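Q: Before anything else, here's the structure in question.
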Protein chains: 2
Amino acid sequence: VSQNRRIVLAARPIGLPKESDFRLETVPIPEPADGEVLVRTLYLSLDPYMRVRMSEGRSYASPIALGEVMIGGAVGEVERSRDRRFAPGDLVEGRVGWQEFGAVPGGSLRPVDCGLGPISTALGVLGMTGLTAYFGLLEIGRPRPGDTVVVTAAAGAVGSIAGQIARLAGCRTVGIAGGADKARSLRDRFGFDHALDYKAADDLAGAIAAAAPHGVDVFFDNVGGVIADAVMDNLARGARIVVCGTVSQTSLARPEFGPRAQAKLMAAWASMQAFNVYQFRDRHEEARARLAAWLRSGQIQHREDIVDGLDRAPRAFTGMLRGENSGKLLVRVAARKAAP
Amino acid sequence: VSQNRRIVLAARPIGLPKESDFRLETVPIPEPADGEVLVRTLYLSLDPYMRVRMSEGRSYASPIALGEVMIGGAVGEVERSRDRRFAPGDLVEGRVGWQEFGAVPGGSLRPVDCGLGPISTALGVLGMTGLTAYFGLLEIGRPRPGDTVVVTAAAGAVGSIAGQIARLAGCRTVGIAGGADKARSLRDRFGFDHALDYKAADDLAGAIAAAAPHGVDVFFDNVGGVIADAVMDNLARGARIVVCGTVSQTSLARPEFGPRAQAKLMAAWASMQAFNVYQFRDRHEEARARLAAWLRSGQIQHREDIVDGLDRAPRAFTGMLRGENSGKLLVRVAARKAAP
């Protein structure tokens, strides 16, 4: 192999991305510069935040330029290294992007400890996904035993972990997801106390009130929009809203208007807080070790939805934004070389 | 005098209250029951929260019943006491309501220390108004020296105090108010570094960006609506939004829709929090002493807007909701009796 296949941003999507917003290119494999490491991608993580970066406009991070490789976290094998901390064959995780080979600064890579779990988990439950659930729920949500915790996109990669950590923290958990299959998996697989299928609910706010008769103490929100509005009509006094994502808005040409949050917060003396997992960078390893222990002991279940082949990434990504997958969405880009 | 004049809720207003939503009644002076104190009102406080309590619907407190006396804080003189902690002639503050005489539980009254300031300040800068500004800004906003703090309704009772406390905390302060006179008072009287007249701004978000070039670290919001939206387009990373009031929405038949907060919070890893001054009840005296010291030393200026006569309360209240007053709005209901 001497060619690198990669997927670049071809056009800025309006609302839900189309496959023509992406372009598959074949280019030479890059040469790592001094301090860089050439990584061969094994798994690529697909996450809703990528949609935000495809658009211009103010955000927490700058947009991907047209023609630039789509950003994304990956686990891979070191192919060549010009950083002495890494050697060929090492397993690493980092922001390699949607491509088969990437030359990235060694300082941006994290060695993957295969002892913690299968290597794909370095992107999911033991990666940014699990850390987002962990810090969002525990640090922003601050659950207390007996609290009622509502999670949206609860069958998704982050939501399913957040709900299980809430249960481990002694909370009553209510998961909201779209469709009967997902709702069933919330109870059967992820151990939520209550599961609500928002697509089947005529009166979602009423259904939440029935599932949370004393109000919602912690709301871990991945979706925003009308579903979040309905949860916010049921806040308990002192409720904490964890703003993790707004995936309901990403498939729209522009965000919908809705009721503003202020009156809902005032009625409950509540708070609403966005965060970024990198705010807690110095505690990532501590959290990863804890997640790994829960995974090993079976106290946390995780689901991976694995698509084969880099060329399938755009379609899988768009499907995720439409809610078609369940669990952590990964692209298997290449197999691991036989261990030496 | 053996008659008590009082103002009751005659009809539930839609949007801005009309004078016909109130009714002035003359009834016998109530007899205090055991444990109660009969208070003769001297000053009545008029505050935006009262509008919320005039409507049915979920809020942080139950609505005033039709025909019931309008709720409100007052300072007054003890007329008769069946609580041994109070004796005739004592000055007290409590929720006497819109009436000349009220029989209230002794446990709900606070003795007023005349040494701290003029008795009207027990309702304003040294009362719930000042405490709301103090705890909202310092505990919810958590300002650091050098932060940029934006305050809306900044010439109002709470906003003017919040802005001055922010300046004492070493912050750059930007006040937003409606009208040239108020904007001038923000700089000249209350010491804001920048003053914006939202009625004169074609591009309010742009004007805020110019006044806060490094973004808004703390947003102390009394108004909500489109003004709050414009501030929230200028949040600095880690910004704290203090949701103190939504007075822009009270004169509407129903709250407007607008952009939801989630995306704005996510773009800045920001938080938004409502609160109630009673959450900090055990620290009220500490805060009151500090406010009194600032007032005495001239480090805090306050403005009172005093209307004479209980019968003028409905019109003054409606004017306040329309933004017609500046500073703390009080009704002088009666003069103090000559000291014995």
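To be explicit about the labels: the chains of the structure tokens are called A, B, and onward in the order shown, and within each one the residues are counted from 1, while ligands get numbers from 1 in the order they are shown.
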Which residues of chain A are close to chain B, meaning at most 7 Å apart when you count only C-alpha atoms, and how do they look as a VMD selection string?
A: chain A and resid 58 to 60 224 243 256 to 262 265 to 276
Q: Write out as a compact mmCIF listing (two decimals) with all heavy atoms, in the first residue's frame each polymer residue whose atoms come within 12 Å of A:Glu285, counting only C-alpha atoms; drop sequence neighbours fewer than 3 positions from it.
A:
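The new file out07.txt reads:
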# COMPACT_ATOMS: atom_id res chain seq x y z
N ARG A 110 -2.63 9.28 22.30
CA ARG A 110 -2.70 8.61 23.60
C ARG A 110 -2.44 7.13 23.36
O ARG A 110 -3.07 6.53 22.48
CB ARG A 110 -4.12 8.82 24.15
CG ARG A 110 -4.45 8.09 25.41
CD ARG A 110 -5.86 8.45 25.87
NE ARG A 110 -6.90 7.78 25.11
CZ ARG A 110 -7.30 6.53 25.31
NH1 ARG A 110 -6.74 5.78 26.24
NH2 ARG A 110 -8.28 6.01 24.60
N PRO A 111 -1.52 6.51 24.09
CA PRO A 111 -1.32 5.06 23.95
C PRO A 111 -2.58 4.34 24.41
O PRO A 111 -3.19 4.74 25.40
CB PRO A 111 -0.16 4.74 24.90
CG PRO A 111 0.36 6.04 25.39
CD PRO A 111 -0.67 7.08 25.15
N VAL A 112 -2.97 3.32 23.69
CA VAL A 112 -4.16 2.55 24.08
C VAL A 112 -3.71 1.33 24.87
O VAL A 112 -2.85 0.57 24.42
CB VAL A 112 -4.96 2.12 22.84
CG1 VAL A 112 -6.06 1.12 23.22
CG2 VAL A 112 -5.57 3.34 22.16
N ASP A 113 -4.29 1.18 26.05
CA ASP A 113 -3.98 0.04 26.92
C ASP A 113 -4.93 -1.10 26.58
O ASP A 113 -6.11 -1.07 26.94
CB ASP A 113 -4.14 0.48 28.38
CG ASP A 113 -3.91 -0.67 29.36
OD1 ASP A 113 -3.68 -1.81 28.91
OD2 ASP A 113 -3.96 -0.40 30.57
N LEU A 116 -7.38 -2.89 29.07
CA LEU A 116 -8.63 -2.32 29.59
C LEU A 116 -9.86 -2.87 28.89
O LEU A 116 -10.93 -2.94 29.48
CB LEU A 116 -8.62 -0.79 29.47
CG LEU A 116 -7.65 -0.01 30.36
CD1 LEU A 116 -7.78 1.49 30.11
CD2 LEU A 116 -7.91 -0.32 31.84
N ALA A 122 -11.69 1.95 23.00
CA ALA A 122 -10.89 3.16 23.22
C ALA A 122 -11.56 4.38 22.59
O ALA A 122 -11.21 5.52 22.89
CB ALA A 122 -9.49 2.98 22.66
N LEU A 126 -14.70 3.48 26.69
CA LEU A 126 -13.44 3.85 27.37
C LEU A 126 -12.75 5.02 26.67
O LEU A 126 -11.57 5.29 26.91
CB LEU A 126 -12.50 2.64 27.45
CG LEU A 126 -13.08 1.41 28.17
CD1 LEU A 126 -12.04 0.31 28.28
CD2 LEU A 126 -13.62 1.79 29.56
N GLY A 127 -13.49 5.70 25.80
CA GLY A 127 -12.92 6.84 25.07
C GLY A 127 -13.74 8.10 25.34
O GLY A 127 -14.37 8.24 26.37
N MET A 128 -13.73 8.99 24.36
CA MET A 128 -14.40 10.27 24.54
C MET A 128 -15.88 10.09 24.89
O MET A 128 -16.44 10.85 25.66
CB MET A 128 -14.26 11.11 23.28
CG MET A 128 -14.46 12.59 23.54
SD MET A 128 -14.49 13.53 22.01
CE MET A 128 -16.06 12.99 21.31
N GLY A 130 -17.45 7.58 26.58
CA GLY A 130 -17.65 7.24 27.98
C GLY A 130 -17.26 8.37 28.91
O GLY A 130 -17.93 8.63 29.91
N LEU A 131 -16.18 9.08 28.56
CA LEU A 131 -15.74 10.20 29.40
C LEU A 131 -16.76 11.34 29.39
O LEU A 131 -16.98 12.00 30.40
CB LEU A 131 -14.37 10.70 28.93
CG LEU A 131 -13.22 9.69 29.07
CD1 LEU A 131 -11.95 10.25 28.44
CD2 LEU A 131 -12.97 9.32 30.53
N TYR A 134 -19.49 10.28 31.65
CA TYR A 134 -19.02 10.25 33.03
C TYR A 134 -18.96 11.66 33.63
O TYR A 134 -19.55 11.93 34.67
CB TYR A 134 -17.64 9.59 33.06
CG TYR A 134 -17.02 9.40 34.43
CD1 TYR A 134 -17.14 8.19 35.11
CD2 TYR A 134 -16.29 10.41 35.04
CE1 TYR A 134 -16.57 8.00 36.36
CE2 TYR A 134 -15.71 10.23 36.29
CZ TYR A 134 -15.85 9.03 36.95
OH TYR A 134 -15.27 8.85 38.18
N PHE A 280 -12.03 18.44 31.69
CA PHE A 280 -11.70 17.51 32.78
C PHE A 280 -10.49 16.65 32.41
O PHE A 280 -10.31 15.55 32.91
CB PHE A 280 -12.91 16.62 33.07
CG PHE A 280 -14.14 17.41 33.41
CD1 PHE A 280 -15.12 17.65 32.45
CD2 PHE A 280 -14.30 17.94 34.68
CE1 PHE A 280 -16.24 18.40 32.75
CE2 PHE A 280 -15.43 18.69 35.00
CZ PHE A 280 -16.40 18.92 34.03
N ARG A 281 -9.65 17.16 31.54
CA ARG A 281 -8.54 16.42 30.96
C ARG A 281 -7.66 15.74 32.03
O ARG A 281 -7.24 14.61 31.87
CB ARG A 281 -7.69 17.40 30.14
CG ARG A 281 -6.61 16.81 29.33
CD ARG A 281 -5.75 17.94 28.74
NE ARG A 281 -6.52 18.83 27.87
CZ ARG A 281 -6.58 18.69 26.54
NH1 ARG A 281 -5.91 17.73 25.95
NH2 ARG A 281 -7.27 19.54 25.82
N ASP A 282 -7.41 16.48 33.11
CA ASP A 282 -6.49 15.92 34.12
C ASP A 282 -7.10 14.77 34.91
O ASP A 282 -6.40 14.14 35.70
CB ASP A 282 -6.02 17.03 35.07
CG ASP A 282 -7.17 17.75 35.74
OD1 ASP A 282 -8.31 17.66 35.22
OD2 ASP A 282 -6.96 18.39 36.78
N ARG A 288 -11.35 6.75 33.18
CA ARG A 288 -11.24 5.62 32.26
C ARG A 288 -11.05 4.32 33.06
O ARG A 288 -11.65 3.28 32.72
CB ARG A 288 -10.06 5.84 31.31
CG ARG A 288 -10.14 5.02 30.05
CD ARG A 288 -8.88 5.13 29.19
NE ARG A 288 -8.34 6.46 29.06
CZ ARG A 288 -8.74 7.35 28.14
NH1 ARG A 288 -9.68 7.04 27.28
NH2 ARG A 288 -8.19 8.55 28.08
N ALA A 289 -10.25 4.39 34.11
CA ALA A 289 -10.02 3.19 34.92
C ALA A 289 -11.32 2.74 35.58
O ALA A 289 -11.63 1.55 35.66
CB ALA A 289 -8.96 3.49 35.99
N ARG A 290 -12.10 3.71 36.03
CA ARG A 290 -13.36 3.36 36.68
C ARG A 290 -14.34 2.76 35.68
O ARG A 290 -15.01 1.77 35.96
CB ARG A 290 -13.93 4.62 37.32
CG ARG A 290 -14.85 4.31 38.46
CD ARG A 290 -15.11 5.50 39.34
NE ARG A 290 -13.93 5.93 40.06
CZ ARG A 290 -13.97 6.77 41.10
NH1 ARG A 290 -15.14 7.23 41.52
NH2 ARG A 290 -12.87 7.13 41.71
N LEU A 291 -14.43 3.37 34.49
CA LEU A 291 -15.32 2.83 33.45
C LEU A 291 -14.89 1.42 33.06
O LEU A 291 -15.72 0.53 32.85
CB LEU A 291 -15.29 3.76 32.23
CG LEU A 291 -16.05 5.09 32.40
CD1 LEU A 291 -15.56 6.12 31.38
CD2 LEU A 291 -17.56 4.88 32.26
N ALA A 292 -13.57 1.21 32.98
CA ALA A 292 -13.08 -0.11 32.59
C ALA A 292 -13.45 -1.16 33.64
O ALA A 292 -13.82 -2.30 33.30
CB ALA A 292 -11.55 -0.06 32.40
Q: Show which residues sit within 7 Å of A:Arg5, as a compact mmCIF listing (two decimals) with N, CA, C and O atoms, in the first residue's frame. Count only C-alpha atoms, and ignore same-chain residues fewer than 6 positions away.
A:
# COMPACT_ATOMS: atom_id res chain seq x y z
N LEU A 24 -14.58 11.25 -1.47
CA LEU A 24 -13.53 10.27 -1.21
C LEU A 24 -12.38 10.56 -2.16
O LEU A 24 -12.57 10.65 -3.38
N GLU A 25 -11.19 10.73 -1.63
CA GLU A 25 -10.01 11.03 -2.44
C GLU A 25 -8.94 9.98 -2.21
O GLU A 25 -8.85 9.40 -1.12
N THR A 26 -8.12 9.78 -3.19
CA THR A 26 -6.94 8.92 -3.02
C THR A 26 -5.71 9.78 -3.24
O THR A 26 -5.58 10.43 -4.28
N VAL A 27 -4.87 9.82 -2.24
CA VAL A 27 -3.68 10.69 -2.27
C VAL A 27 -2.50 9.87 -1.75
O VAL A 27 -2.69 8.80 -1.18
N GLN A 99 -9.62 9.05 7.46
CA GLN A 99 -8.65 8.62 6.45
C GLN A 99 -7.93 7.37 6.92
O GLN A 99 -7.93 7.03 8.09
N GLU A 100 -7.31 6.71 5.94
CA GLU A 100 -6.63 5.45 6.26
C GLU A 100 -5.30 5.68 6.96
O GLU A 100 -4.87 4.87 7.78
Q: Please identify all polymer residues within 9 Å of A:Ser160, counting only C-alpha atoms, omitting same-chain residues fewer than 4 positions from it, and present them as a count of residues only.
A: 16
Q: From the DSSP assignment of the backbone, select every residue of stretch 131-231 of chain B that is strand (DSSP E or B), and format the answer as a list in words.
A: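 The residues of stretch 131-231 of chain B classed as strand (DSSP E or B) are Thr148, Val149, Val150, Val151, Thr152, Gly156, Arg172, Thr173, Val174, Gly175, Ile176, Ala177, His194, Ala195, Leu196, Asp197, Val216, Asp217, Val218, Phe219, Phe220 and Asp221 of chain B.
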Q: Mind listing the helix (DSSP H, G or I) residues of stretch 12-54 of chain A, per DSSP on the backbone, as number ranges by chain?
A: A: 19-21, 49-53
Q: Can you pull out every residue within 6 Å of A:Ile7, counting only C-alpha atoms, but drop anything in the same chain fewer than 4 positions away, and send it as a PyMOL selection string?
A: chain A and resi 23-24+69+98
Q: For atom CA of A:Arg53 and atom CA of A:Ala103, quote the distance in Å rounded to one decimal.
A: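 Computing the Euclidean distance for atom CA of A:Arg53 and atom CA of A:Ala103 yields 20.7 Å.
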Q: Nearest residue to A:Asp308 out of A:Glu77, A:Pro213, A:Leu42, A:Leu295, using only C-alpha atoms?
A: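 Comparing A:Glu77, A:Pro213, A:Leu42, A:Leu295 against A:Asp308, the winner is A:Leu42.
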Q: Quick check, in Å to one decimal: how far apart do atom CA of B:Gly136 and atom CA of B:Ala287 lie?
A: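 Between atom CA of B:Gly136 and atom CA of B:Ala287 the gap works out to 11.8 Å.
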Q: Measuring between only C-alpha atoms, which one of A:Asn222, A:Gly73, A:His284, A:Gly170 shows the shortest distance to A:Ala157?
A: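 Between A:Asn222, A:Gly73, A:His284, A:Gly170, the residue approaching A:Ala157 most closely is A:Asn222.
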